[in-house]
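Q: Would you mind keeping the following structure in view while I ask a few things?
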Amino acid sequence: MTRFTKLIFLTLLGMILLASCKGPLGNTMLTVDTTRCVGCGECEEVCPYDAIEIIDGDAVIDPGLCHQCNRCVEICPEGAIY
Amino acid sequence: MKYTAVLLLVAASVFAVDFEGFARMQAVSDSINYGEGIHNWGLGGFRVTGGNWNILLNADKIMSGEGAVVPRYYRNHLETNLEGRVSFGGFTVNPEIQFAKDIDSAYVVLPLSMGEGYRNSALRPGLSLSYSLPGVFEVSGTGRYWKRDIYALDSDVDNTEWTEMSYGGDVLWHTPVGGYLAVGGISHQTKLDAFEYDRSWSRIDISAGVRPMHFPTMTFVTAEAEYSLYTGEDYSGTGLPDRFTARLRAVQDVARNVMFNITFSQAADFYDDETRFGPFQSAIRGQYKFGGWGSVPSSILVGGQLTESAITTKLGEVEARVSLVGGLSALVTGKLWYGPSSVAVVAGGYRTREIYGGGLEFGMNNGLNTFVIYEQEASTLSPSETWGKIRGGIGFYPVQF
(Lines give C-alpha, C1' and ligand atoms only; values in the text may rest on other atoms or scores of the structure.)
Protein backbone atom coordinates (compact mmCIF):
# COMPACT_ATOMS: atom_id res chain seq x y z
CA MET A 1 0.00 0.00 0.00
CA THR A 2 1.57 3.33 -1.02
CA ARG A 3 1.68 6.32 1.31
CA PHE A 4 -0.91 8.10 -0.85
CA THR A 5 -3.31 5.11 -0.70
CA LYS A 6 -2.86 4.94 3.07
CA LEU A 7 -3.69 8.64 3.35
CA ILE A 8 -6.89 8.23 1.29
CA PHE A 9 -7.85 5.19 3.38
CA LEU A 10 -7.34 7.02 6.68
CA THR A 11 -9.28 10.04 5.40
CA LEU A 12 -12.23 7.83 4.40
CA LEU A 13 -12.08 6.08 7.78
CA GLY A 14 -12.17 9.46 9.53
CA MET A 15 -15.16 10.54 7.43
CA ILE A 16 -17.05 7.37 8.38
CA LEU A 17 -16.34 7.97 12.09
CA LEU A 18 -17.45 11.59 11.79
CA ALA A 19 -20.60 10.50 9.98
CA SER A 20 -21.80 9.03 13.28
CA CYS A 21 -21.91 12.58 14.71
CA LYS A 22 -25.07 14.69 14.87
CA GLY A 23 -25.40 18.03 13.05
CA PRO A 24 -23.96 21.30 14.35
CA LEU A 25 -25.64 23.22 17.14
CA GLY A 26 -26.80 26.78 16.54
CA ASN A 27 -23.91 28.31 18.45
CA THR A 28 -21.14 26.57 16.53
CA MET A 29 -18.50 29.25 16.13
CA LEU A 30 -17.60 30.74 12.76
CA THR A 31 -14.30 29.66 11.28
CA VAL A 32 -11.77 31.47 9.11
CA ASP A 33 -10.15 29.51 6.30
CA THR A 34 -6.68 31.04 6.52
CA THR A 35 -5.66 29.56 3.16
CA ARG A 36 -8.25 31.81 1.49
CA CYS A 37 -8.23 34.86 3.78
CA VAL A 38 -6.31 37.73 2.17
CA GLY A 39 -6.55 40.02 5.20
CA CYS A 40 -8.53 42.69 3.35
CA GLY A 41 -10.35 43.74 6.54
CA GLU A 42 -13.87 43.84 5.04
CA CYS A 43 -15.14 41.56 7.84
CA GLU A 44 -13.53 43.74 10.50
CA GLU A 45 -15.34 46.75 9.05
CA VAL A 46 -18.83 45.25 9.08
CA CYS A 47 -18.67 43.46 12.43
CA PRO A 48 -20.97 45.43 14.78
CA TYR A 49 -19.52 43.63 17.81
CA ASP A 50 -15.84 44.44 17.24
CA ALA A 51 -15.27 40.69 17.30
CA ILE A 52 -12.90 40.48 14.31
CA GLU A 53 -9.41 41.79 13.93
CA ILE A 54 -6.84 41.34 11.18
CA ILE A 55 -3.74 39.97 12.85
CA ASP A 56 -0.69 38.82 10.93
CA GLY A 57 -2.65 39.07 7.65
CA ASP A 58 -5.55 36.82 8.68
CA ALA A 59 -8.96 37.55 10.15
CA VAL A 60 -9.19 36.43 13.78
CA ILE A 61 -12.65 36.03 15.32
CA ASP A 62 -13.04 36.38 19.08
CA PRO A 63 -15.63 33.71 19.98
CA GLY A 64 -16.37 35.55 23.20
CA LEU A 65 -17.65 38.56 21.26
CA CYS A 66 -19.07 36.93 18.11
CA HIS A 67 -22.89 36.92 18.00
CA GLN A 68 -22.83 34.99 14.71
CA CYS A 69 -24.85 37.63 12.89
CA ASN A 70 -23.15 36.39 9.68
CA ARG A 71 -22.39 39.86 8.30
CA CYS A 72 -18.72 38.88 7.92
CA VAL A 73 -19.71 35.69 6.08
CA GLU A 74 -21.79 37.73 3.70
CA ILE A 75 -19.20 40.41 2.98
CA CYS A 76 -16.07 38.23 2.70
CA PRO A 77 -14.95 38.49 -0.96
CA GLU A 78 -13.00 35.24 -0.70
CA GLY A 79 -15.66 33.12 0.99
CA ALA A 80 -13.12 32.49 3.75
CA ILE A 81 -15.48 32.74 6.76
CA TYR A 82 -18.08 30.09 7.44
CA MET B 1 5.65 60.67 15.28
CA LYS B 2 8.15 63.56 15.08
CA TYR B 3 10.64 61.74 17.30
CA THR B 4 10.16 58.50 15.38
CA ALA B 5 11.06 60.26 12.13
CA VAL B 6 14.18 61.80 13.70
CA LEU B 7 15.27 58.42 15.05
CA LEU B 8 14.80 56.84 11.63
CA LEU B 9 16.84 59.57 9.93
CA VAL B 10 19.65 59.14 12.47
CA ALA B 11 19.53 55.37 11.99
CA ALA B 12 19.58 55.79 8.21
CA SER B 13 22.66 58.03 8.41
CA VAL B 14 24.59 55.61 10.63
CA PHE B 15 23.71 52.25 9.12
CA ALA B 16 23.29 51.05 5.57
CA VAL B 17 19.56 50.76 5.10
CA ASP B 18 16.99 50.37 2.31
CA PHE B 19 14.01 52.69 2.31
CA GLU B 20 10.76 51.95 0.48
CA GLY B 21 7.75 54.24 0.44
CA PHE B 22 4.28 53.41 -0.86
CA ALA B 23 0.81 54.89 -1.23
CA ARG B 24 -2.52 53.66 -2.56
CA MET B 25 -6.15 54.69 -2.82
CA GLN B 26 -9.25 52.67 -3.59
CA ALA B 27 -12.85 53.80 -3.93
CA VAL B 28 -16.10 51.93 -4.47
CA SER B 29 -19.38 53.55 -5.39
CA ASP B 30 -22.70 52.03 -6.41
CA SER B 31 -25.97 53.01 -7.98
CA ILE B 32 -27.75 52.90 -4.62
CA ASN B 33 -25.87 55.90 -3.36
CA TYR B 34 -22.94 57.18 -5.43
CA GLY B 35 -21.77 59.60 -2.77
CA GLU B 36 -21.50 57.18 0.11
CA GLY B 37 -19.50 54.28 -1.18
CA ILE B 38 -16.39 52.84 0.40
CA HIS B 39 -13.14 54.79 0.29
CA ASN B 40 -9.82 53.44 1.48
CA TRP B 41 -7.12 56.09 1.29
CA GLY B 42 -3.66 54.74 1.84
CA LEU B 43 -2.20 57.86 3.39
CA GLY B 44 1.21 56.42 2.85
CA GLY B 45 3.81 54.43 4.60
CA PHE B 46 7.35 53.21 4.45
CA ARG B 47 9.53 50.27 5.25
CA VAL B 48 13.12 50.69 6.45
CA THR B 49 15.23 47.56 6.21
CA GLY B 50 18.65 46.99 7.71
CA GLY B 51 20.80 43.89 7.87
CA ASN B 52 18.71 41.94 10.38
CA TRP B 53 15.90 44.33 11.19
CA ASN B 54 13.07 46.26 9.59
CA ILE B 55 10.51 48.86 10.58
CA LEU B 56 7.16 49.23 8.81
CA LEU B 57 4.80 52.18 9.21
CA ASN B 58 1.46 52.31 7.42
CA ALA B 59 -1.45 54.74 7.73
CA ASP B 60 -4.93 54.43 6.21
CA LYS B 61 -8.10 56.47 6.21
CA ILE B 62 -11.15 54.25 5.83
CA MET B 63 -14.64 55.57 5.21
CA SER B 64 -17.85 53.84 4.23
CA GLY B 65 -21.37 55.20 3.94
CA GLU B 66 -24.45 53.36 5.05
CA GLY B 67 -26.42 51.43 2.43
CA ALA B 68 -30.07 50.43 2.66
CA VAL B 69 -29.79 47.32 0.52
CA VAL B 70 -26.18 46.23 0.41
CA PRO B 71 -24.64 45.12 3.70
CA ARG B 72 -22.57 48.23 4.30
CA TYR B 73 -22.13 50.06 7.56
CA TYR B 74 -21.00 53.53 8.43
CA ARG B 75 -17.33 53.88 9.35
CA ASN B 76 -14.95 56.83 9.21
CA HIS B 77 -11.61 56.41 10.90
CA LEU B 78 -7.86 56.67 10.65
CA GLU B 79 -5.72 53.61 11.29
CA THR B 80 -1.96 53.56 11.87
CA ASN B 81 0.22 50.49 12.20
CA LEU B 82 3.84 50.54 13.35
CA GLU B 83 5.74 47.28 13.38
CA GLY B 84 9.36 46.34 13.97
CA ARG B 85 11.29 43.10 13.60
CA VAL B 86 14.78 42.20 14.80
CA SER B 87 16.44 38.83 14.19
CA PHE B 88 19.63 37.50 15.74
CA GLY B 89 20.74 33.89 15.72
CA GLY B 90 17.52 31.93 15.66
CA PHE B 91 15.67 34.55 17.70
CA THR B 92 13.12 37.04 16.37
CA VAL B 93 11.60 39.91 18.34
CA ASN B 94 8.54 41.57 16.81
CA PRO B 95 6.98 44.56 18.64
CA GLU B 96 3.93 46.22 17.09
CA ILE B 97 1.37 48.89 17.85
CA GLN B 98 -1.90 49.76 16.13
CA PHE B 99 -3.85 52.94 16.74
CA ALA B 100 -7.29 53.74 15.32
CA LYS B 101 -8.94 57.13 15.72
CA ASP B 102 -12.55 57.58 14.72
CA ILE B 103 -13.31 60.81 12.86
CA ASP B 104 -17.01 60.10 13.19
CA SER B 105 -17.81 57.61 15.90
CA ALA B 106 -18.31 54.05 14.74
CA TYR B 107 -21.44 52.18 15.75
CA VAL B 108 -20.86 49.21 18.05
CA VAL B 109 -23.31 46.80 19.63
CA LEU B 110 -22.15 46.10 23.16
CA PRO B 111 -22.04 42.53 24.51
CA LEU B 112 -25.13 40.90 26.01
CA SER B 113 -27.93 43.44 26.53
CA MET B 114 -25.86 46.53 27.20
CA GLY B 115 -27.31 48.36 24.22
CA GLU B 116 -25.38 50.44 21.72
CA GLY B 117 -22.15 52.33 21.92
CA TYR B 118 -19.88 54.56 19.89
CA ARG B 119 -16.16 54.04 19.46
CA ASN B 120 -13.84 56.99 19.82
CA SER B 121 -10.46 55.30 19.46
CA ALA B 122 -8.64 52.02 19.95
CA LEU B 123 -5.05 51.16 20.84
CA ARG B 124 -3.41 47.75 20.47
CA PRO B 125 0.23 47.19 21.47
CA GLY B 126 1.69 43.73 21.08
CA LEU B 127 4.92 41.76 21.29
CA SER B 128 5.93 38.46 19.67
CA LEU B 129 9.04 36.41 20.42
CA SER B 130 10.17 33.31 18.60
CA TYR B 131 13.10 30.97 18.33
CA SER B 132 13.71 28.57 15.49
CA LEU B 133 16.18 25.75 15.01
CA PRO B 134 15.55 25.03 11.32
CA GLY B 135 14.30 21.53 10.65
CA VAL B 136 14.24 20.62 14.36
CA PHE B 137 11.87 22.79 16.39
CA GLU B 138 10.23 26.21 16.65
CA VAL B 139 9.00 28.07 19.73
CA SER B 140 6.92 31.24 19.67
CA GLY B 141 4.89 33.41 22.01
CA THR B 142 2.65 36.44 21.46
CA GLY B 143 0.94 38.87 23.79
CA ARG B 144 -1.48 41.67 22.87
CA TYR B 145 -3.45 44.26 24.81
CA TRP B 146 -6.44 46.23 23.57
CA LYS B 147 -7.82 49.45 24.96
CA ARG B 148 -11.02 50.57 23.27
CA ASP B 149 -12.58 53.93 24.11
CA ILE B 150 -16.23 53.01 23.60
CA TYR B 151 -19.04 55.10 25.02
CA ALA B 152 -22.39 53.57 25.94
CA LEU B 153 -25.54 55.27 24.69
CA ASP B 154 -28.27 53.47 26.58
CA SER B 155 -26.80 53.72 30.03
CA ASP B 156 -25.91 56.16 32.75
CA VAL B 157 -22.36 54.89 32.39
CA ASP B 158 -20.34 56.88 29.88
CA ASN B 159 -17.04 55.14 29.09
CA THR B 160 -17.38 51.36 29.06
CA GLU B 161 -13.68 51.01 30.01
CA TRP B 162 -13.31 48.21 27.46
CA THR B 163 -9.99 46.32 27.64
CA GLU B 164 -8.82 42.97 26.33
CA MET B 165 -5.76 40.84 26.92
CA SER B 166 -4.56 37.95 24.81
CA TYR B 167 -1.46 35.82 25.16
CA GLY B 168 -0.39 32.49 23.78
CA GLY B 169 2.38 30.44 22.31
CA ASP B 170 3.30 27.16 20.73
CA VAL B 171 6.08 24.63 20.33
CA LEU B 172 6.51 22.72 17.08
CA TRP B 173 8.79 19.73 16.59
CA HIS B 174 9.77 18.51 13.13
CA THR B 175 9.86 14.73 13.46
CA PRO B 176 12.57 12.79 11.60
CA VAL B 177 9.93 10.88 9.57
CA GLY B 178 8.55 13.81 7.62
CA GLY B 179 5.87 15.08 9.95
CA TYR B 180 5.46 17.48 12.83
CA LEU B 181 3.93 17.59 16.29
CA ALA B 182 2.80 20.84 17.88
CA VAL B 183 1.37 22.00 21.18
CA GLY B 184 0.03 25.52 21.57
CA GLY B 185 -2.39 27.58 23.51
CA ILE B 186 -4.06 30.96 23.77
CA SER B 187 -5.92 32.78 26.51
CA HIS B 188 -8.20 35.75 25.86
CA GLN B 189 -9.94 38.01 28.37
CA THR B 190 -12.51 40.74 27.64
CA LYS B 191 -13.48 43.24 30.34
CA LEU B 192 -15.92 46.14 30.42
CA ASP B 193 -15.23 47.45 33.89
CA ALA B 194 -18.08 49.94 33.86
CA PHE B 195 -20.55 47.08 33.41
CA GLU B 196 -18.66 44.58 35.57
CA TYR B 197 -18.42 42.38 32.47
CA ASP B 198 -15.52 39.96 32.62
CA ARG B 199 -15.41 36.99 30.28
CA SER B 200 -12.47 34.86 29.30
CA TRP B 201 -11.77 31.76 27.30
CA SER B 202 -8.69 29.74 26.62
CA ARG B 203 -7.67 26.98 24.29
CA ILE B 204 -4.96 24.34 24.10
CA ASP B 205 -4.21 22.91 20.65
CA ILE B 206 -2.47 19.60 20.05
CA SER B 207 -1.77 18.93 16.41
CA ALA B 208 0.09 16.54 14.18
CA GLY B 209 0.61 16.61 10.46
CA VAL B 210 2.77 15.69 7.53
CA ARG B 211 4.99 18.10 5.70
CA PRO B 212 4.19 18.54 1.97
CA MET B 213 4.52 15.14 0.28
CA HIS B 214 5.50 15.12 -3.39
CA PHE B 215 4.24 12.31 -5.60
CA PRO B 216 5.45 11.35 -9.08
CA THR B 217 2.05 12.34 -10.46
CA MET B 218 2.92 16.02 -9.76
CA THR B 219 0.67 15.93 -6.68
CA PHE B 220 1.56 17.75 -3.45
CA VAL B 221 -0.37 16.74 -0.34
CA THR B 222 -0.43 18.14 3.18
CA ALA B 223 -2.57 16.75 5.99
CA GLU B 224 -3.15 17.82 9.58
CA ALA B 225 -5.22 16.71 12.56
CA GLU B 226 -5.79 19.00 15.53
CA TYR B 227 -7.52 18.63 18.86
CA SER B 228 -8.49 21.84 20.69
CA LEU B 229 -9.45 21.85 24.37
CA TYR B 230 -11.53 24.89 25.29
CA THR B 231 -12.33 26.37 28.65
CA GLY B 232 -14.56 29.37 29.26
CA GLU B 233 -17.81 30.60 27.76
CA ASP B 234 -19.01 32.13 24.51
CA TYR B 235 -21.06 35.36 24.28
CA SER B 236 -24.26 33.61 25.34
CA GLY B 237 -22.72 32.08 28.44
CA THR B 238 -22.64 28.63 26.87
CA GLY B 239 -19.61 26.45 27.50
CA LEU B 240 -17.28 26.07 24.53
CA PRO B 241 -17.00 22.47 23.31
CA ASP B 242 -13.68 20.80 22.55
CA ARG B 243 -13.08 20.47 18.83
CA PHE B 244 -11.30 17.98 16.58
CA THR B 245 -10.37 19.20 13.11
CA ALA B 246 -8.95 17.23 10.18
CA ARG B 247 -7.51 19.14 7.22
CA LEU B 248 -6.31 17.93 3.85
CA ARG B 249 -4.88 19.96 1.00
CA ALA B 250 -3.78 18.72 -2.39
CA VAL B 251 -2.22 20.67 -5.22
CA GLN B 252 -2.24 18.94 -8.61
CA ASP B 253 -0.17 20.26 -11.52
CA VAL B 254 -1.86 19.06 -14.71
CA ALA B 255 0.62 20.85 -16.93
CA ARG B 256 3.31 23.46 -16.43
CA ASN B 257 0.74 26.28 -16.47
CA VAL B 258 -2.42 24.50 -15.25
CA MET B 259 -2.92 23.83 -11.53
CA PHE B 260 -5.70 22.64 -9.26
CA ASN B 261 -5.84 23.38 -5.54
CA ILE B 262 -8.17 21.24 -3.45
CA THR B 263 -8.85 21.77 0.26
CA PHE B 264 -11.00 19.84 2.68
CA SER B 265 -11.59 20.17 6.39
CA GLN B 266 -14.09 18.73 8.81
CA ALA B 267 -14.46 19.43 12.53
CA ALA B 268 -16.31 17.61 15.27
CA ASP B 269 -17.43 19.37 18.46
CA PHE B 270 -17.48 17.44 21.71
CA TYR B 271 -20.18 18.67 24.08
CA ASP B 272 -20.63 17.19 27.54
CA ASP B 273 -23.38 14.83 26.49
CA GLU B 274 -22.98 14.44 22.75
CA THR B 275 -20.71 14.83 19.73
CA ARG B 276 -21.75 16.94 16.78
CA PHE B 277 -20.38 18.00 13.44
CA GLY B 278 -18.43 21.24 13.52
CA PRO B 279 -17.58 23.39 10.50
CA PHE B 280 -17.03 21.62 7.16
CA GLN B 281 -15.21 23.20 4.25
CA SER B 282 -14.41 21.92 0.81
CA ALA B 283 -13.08 23.93 -2.10
CA ILE B 284 -11.47 23.47 -5.49
CA ARG B 285 -9.74 26.11 -7.56
CA GLY B 286 -8.20 25.71 -10.99
CA GLN B 287 -5.84 28.20 -12.56
CA TYR B 288 -4.46 28.57 -16.08
CA LYS B 289 -1.52 30.95 -16.57
CA PHE B 290 -0.20 32.25 -19.85
CA GLY B 291 1.72 35.17 -21.35
CA GLY B 292 1.36 38.34 -19.33
CA TRP B 293 3.28 41.55 -18.82
CA GLY B 294 6.40 41.98 -16.71
CA SER B 295 6.30 39.64 -13.75
CA VAL B 296 2.48 39.42 -13.75
CA PRO B 297 1.15 36.55 -15.88
CA SER B 298 -2.25 36.49 -17.55
CA SER B 299 -4.46 34.03 -15.71
CA ILE B 300 -7.92 32.51 -15.66
CA LEU B 301 -9.17 31.16 -12.33
CA VAL B 302 -12.25 28.98 -11.87
CA GLY B 303 -13.33 27.91 -8.40
CA GLY B 304 -16.08 26.48 -6.27
CA GLN B 305 -16.60 26.14 -2.53
CA LEU B 306 -19.06 24.58 -0.13
CA THR B 307 -18.98 25.32 3.59
CA GLU B 308 -21.26 24.26 6.40
CA SER B 309 -21.34 25.08 10.09
CA ALA B 310 -24.52 26.35 11.71
CA ILE B 311 -24.88 28.05 8.32
CA THR B 312 -24.28 26.99 4.72
CA THR B 313 -22.47 28.93 2.02
CA LYS B 314 -21.87 28.03 -1.62
CA LEU B 315 -19.62 29.92 -3.98
CA GLY B 316 -18.83 29.57 -7.67
CA GLU B 317 -16.42 32.04 -9.28
CA VAL B 318 -14.53 32.95 -12.43
CA GLU B 319 -11.80 35.57 -12.50
CA ALA B 320 -9.47 36.52 -15.30
CA ARG B 321 -6.70 39.02 -15.95
CA VAL B 322 -5.58 39.02 -19.58
CA SER B 323 -2.70 41.17 -20.75
CA LEU B 324 -3.70 43.13 -23.87
CA VAL B 325 -0.77 45.35 -24.76
CA GLY B 326 2.10 46.74 -22.69
CA GLY B 327 0.91 47.19 -19.11
CA LEU B 328 -2.78 47.23 -20.12
CA SER B 329 -4.82 44.23 -18.97
CA ALA B 330 -8.49 43.28 -19.21
CA LEU B 331 -10.24 42.19 -15.97
CA VAL B 332 -13.23 39.84 -15.92
CA THR B 333 -15.10 38.69 -12.81
CA GLY B 334 -18.14 36.52 -12.16
CA LYS B 335 -19.49 35.11 -8.88
CA LEU B 336 -22.53 33.15 -7.87
CA TRP B 337 -22.91 33.16 -4.09
CA TYR B 338 -25.48 31.58 -1.80
CA GLY B 339 -25.42 32.20 1.93
CA PRO B 340 -27.01 33.77 4.99
CA SER B 341 -28.43 37.26 4.76
CA SER B 342 -28.13 40.10 7.23
CA VAL B 343 -30.40 42.32 5.12
CA ALA B 344 -33.39 43.28 7.24
CA VAL B 345 -36.11 42.08 4.86
CA VAL B 346 -34.76 38.54 4.83
CA ALA B 347 -33.21 38.43 8.29
CA GLY B 348 -32.48 34.90 9.34
CA GLY B 349 -32.87 33.68 5.79
CA TYR B 350 -30.63 33.00 2.85
CA ARG B 351 -30.11 34.89 -0.39
CA THR B 352 -28.34 34.44 -3.68
CA ARG B 353 -25.99 37.02 -5.15
CA GLU B 354 -24.95 37.13 -8.80
CA ILE B 355 -22.00 39.37 -9.58
CA TYR B 356 -20.50 39.83 -13.01
CA GLY B 357 -18.39 42.58 -14.48
CA GLY B 358 -15.30 43.70 -16.32
CA GLY B 359 -12.68 46.41 -16.29
CA LEU B 360 -9.17 47.49 -17.14
CA GLU B 361 -5.89 47.59 -15.25
CA PHE B 362 -2.83 49.58 -16.23
CA GLY B 363 0.59 49.07 -14.72
CA MET B 364 3.82 50.98 -15.36
CA ASN B 365 7.40 49.91 -14.84
CA ASN B 366 7.89 52.55 -12.12
CA GLY B 367 5.41 50.81 -9.80
CA LEU B 368 2.30 52.85 -10.63
CA ASN B 369 -0.79 50.66 -10.92
CA THR B 370 -4.36 51.80 -11.66
CA PHE B 371 -7.58 49.88 -12.19
CA VAL B 372 -11.27 50.45 -12.76
CA ILE B 373 -13.90 47.73 -12.83
CA TYR B 374 -17.68 47.83 -13.27
CA GLU B 375 -19.78 45.11 -11.64
CA GLN B 376 -23.46 44.33 -11.94
CA GLU B 377 -24.97 42.66 -8.90
CA ALA B 378 -28.36 41.05 -8.43
CA SER B 379 -29.61 39.77 -5.09
CA THR B 380 -32.69 37.75 -4.18
CA LEU B 381 -34.33 40.04 -1.69
CA SER B 382 -37.99 40.88 -1.32
CA PRO B 383 -38.35 42.08 -4.03
CA SER B 384 -35.11 41.12 -5.78
CA GLU B 385 -32.70 43.99 -6.28
CA THR B 386 -30.19 44.75 -9.00
CA TRP B 387 -27.53 47.44 -8.82
CA GLY B 388 -24.34 48.52 -10.50
CA LYS B 389 -21.08 49.12 -8.73
CA ILE B 390 -17.88 50.74 -9.90
CA ARG B 391 -14.53 50.17 -8.20
CA GLY B 392 -11.37 52.07 -8.95
CA GLY B 393 -7.97 52.37 -7.41
CA ILE B 394 -4.46 53.71 -7.79
CA GLY B 395 -1.32 52.51 -6.09
CA PHE B 396 2.32 53.52 -6.14
CA TYR B 397 4.70 50.94 -4.76
CA PRO B 398 7.52 50.88 -4.04
CA VAL B 399 9.49 54.12 -4.15
CA GLN B 400 13.19 53.32 -3.74
CA PHE B 401 15.58 55.68 -1.96
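To be explicit about the labels: the chains of the C-alpha coordinates are called A, B, and onward in the order shown, and within each one the residues are counted from 1, while ligands get numbers from 1 in the order they are shown.
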Quick check for you: according to DSSP on this backbone, which residues of stretch 157-229 of chain B are classed as strand (DSSP E)? Reply as a ChimeraX atom specification.
A: /B:162-174,179-192,197-215,219-229
Q: List the spatial neighbours of A:Gly64 as a count of residues only - criterion: any atom at most 12 Å away, only C-alpha atoms, same-chain residues fewer than 2 positions off excluded.
A: 38
Q: Give me, as number ranges by chain, the residues of chain B touching chain A, with the criterion being at most 8 Å (counting only C-alpha atoms).
A: B: 71-73, 75, 107-111, 190, 199-201, 233-235, 268-269, 275-279, 305, 307-313, 315, 339-342
Q: Which one of B:Gly89, B:Gly126, B:Gly45, B:Gly349 sits closest to B:Gly143 if you count only C-alpha atoms?
A: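 Between B:Gly89, B:Gly126, B:Gly45, B:Gly349, the residue approaching B:Gly143 most closely is B:Gly126.
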Q: I'd like the contact shell of B:Glu354 - 7 Å cut-off, only C-alpha atoms, skipping same-chain residues fewer than 2 positions apart - returned as a list in words.
A: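 Answer for this query is Lys335, Leu336, Trp337, Thr352, Tyr356, Glu377, Ala378 and Ser379 of chain B.
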Q: From stretch 3-226 of chain B, collect each residue whose DSSP state is alpha helix (DSSP H) and return the set as JSON, numbers by chain.
A: {"B": [3, 4, 5, 6, 7, 8, 9, 10, 11, 12, 13, 14]}
Q: Would you mind reading off the distance between atom CA of B:Glu116 and atom CA of B:Tyr151, one decimal, in Å?
A: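 So the answer is 8.5 Å.
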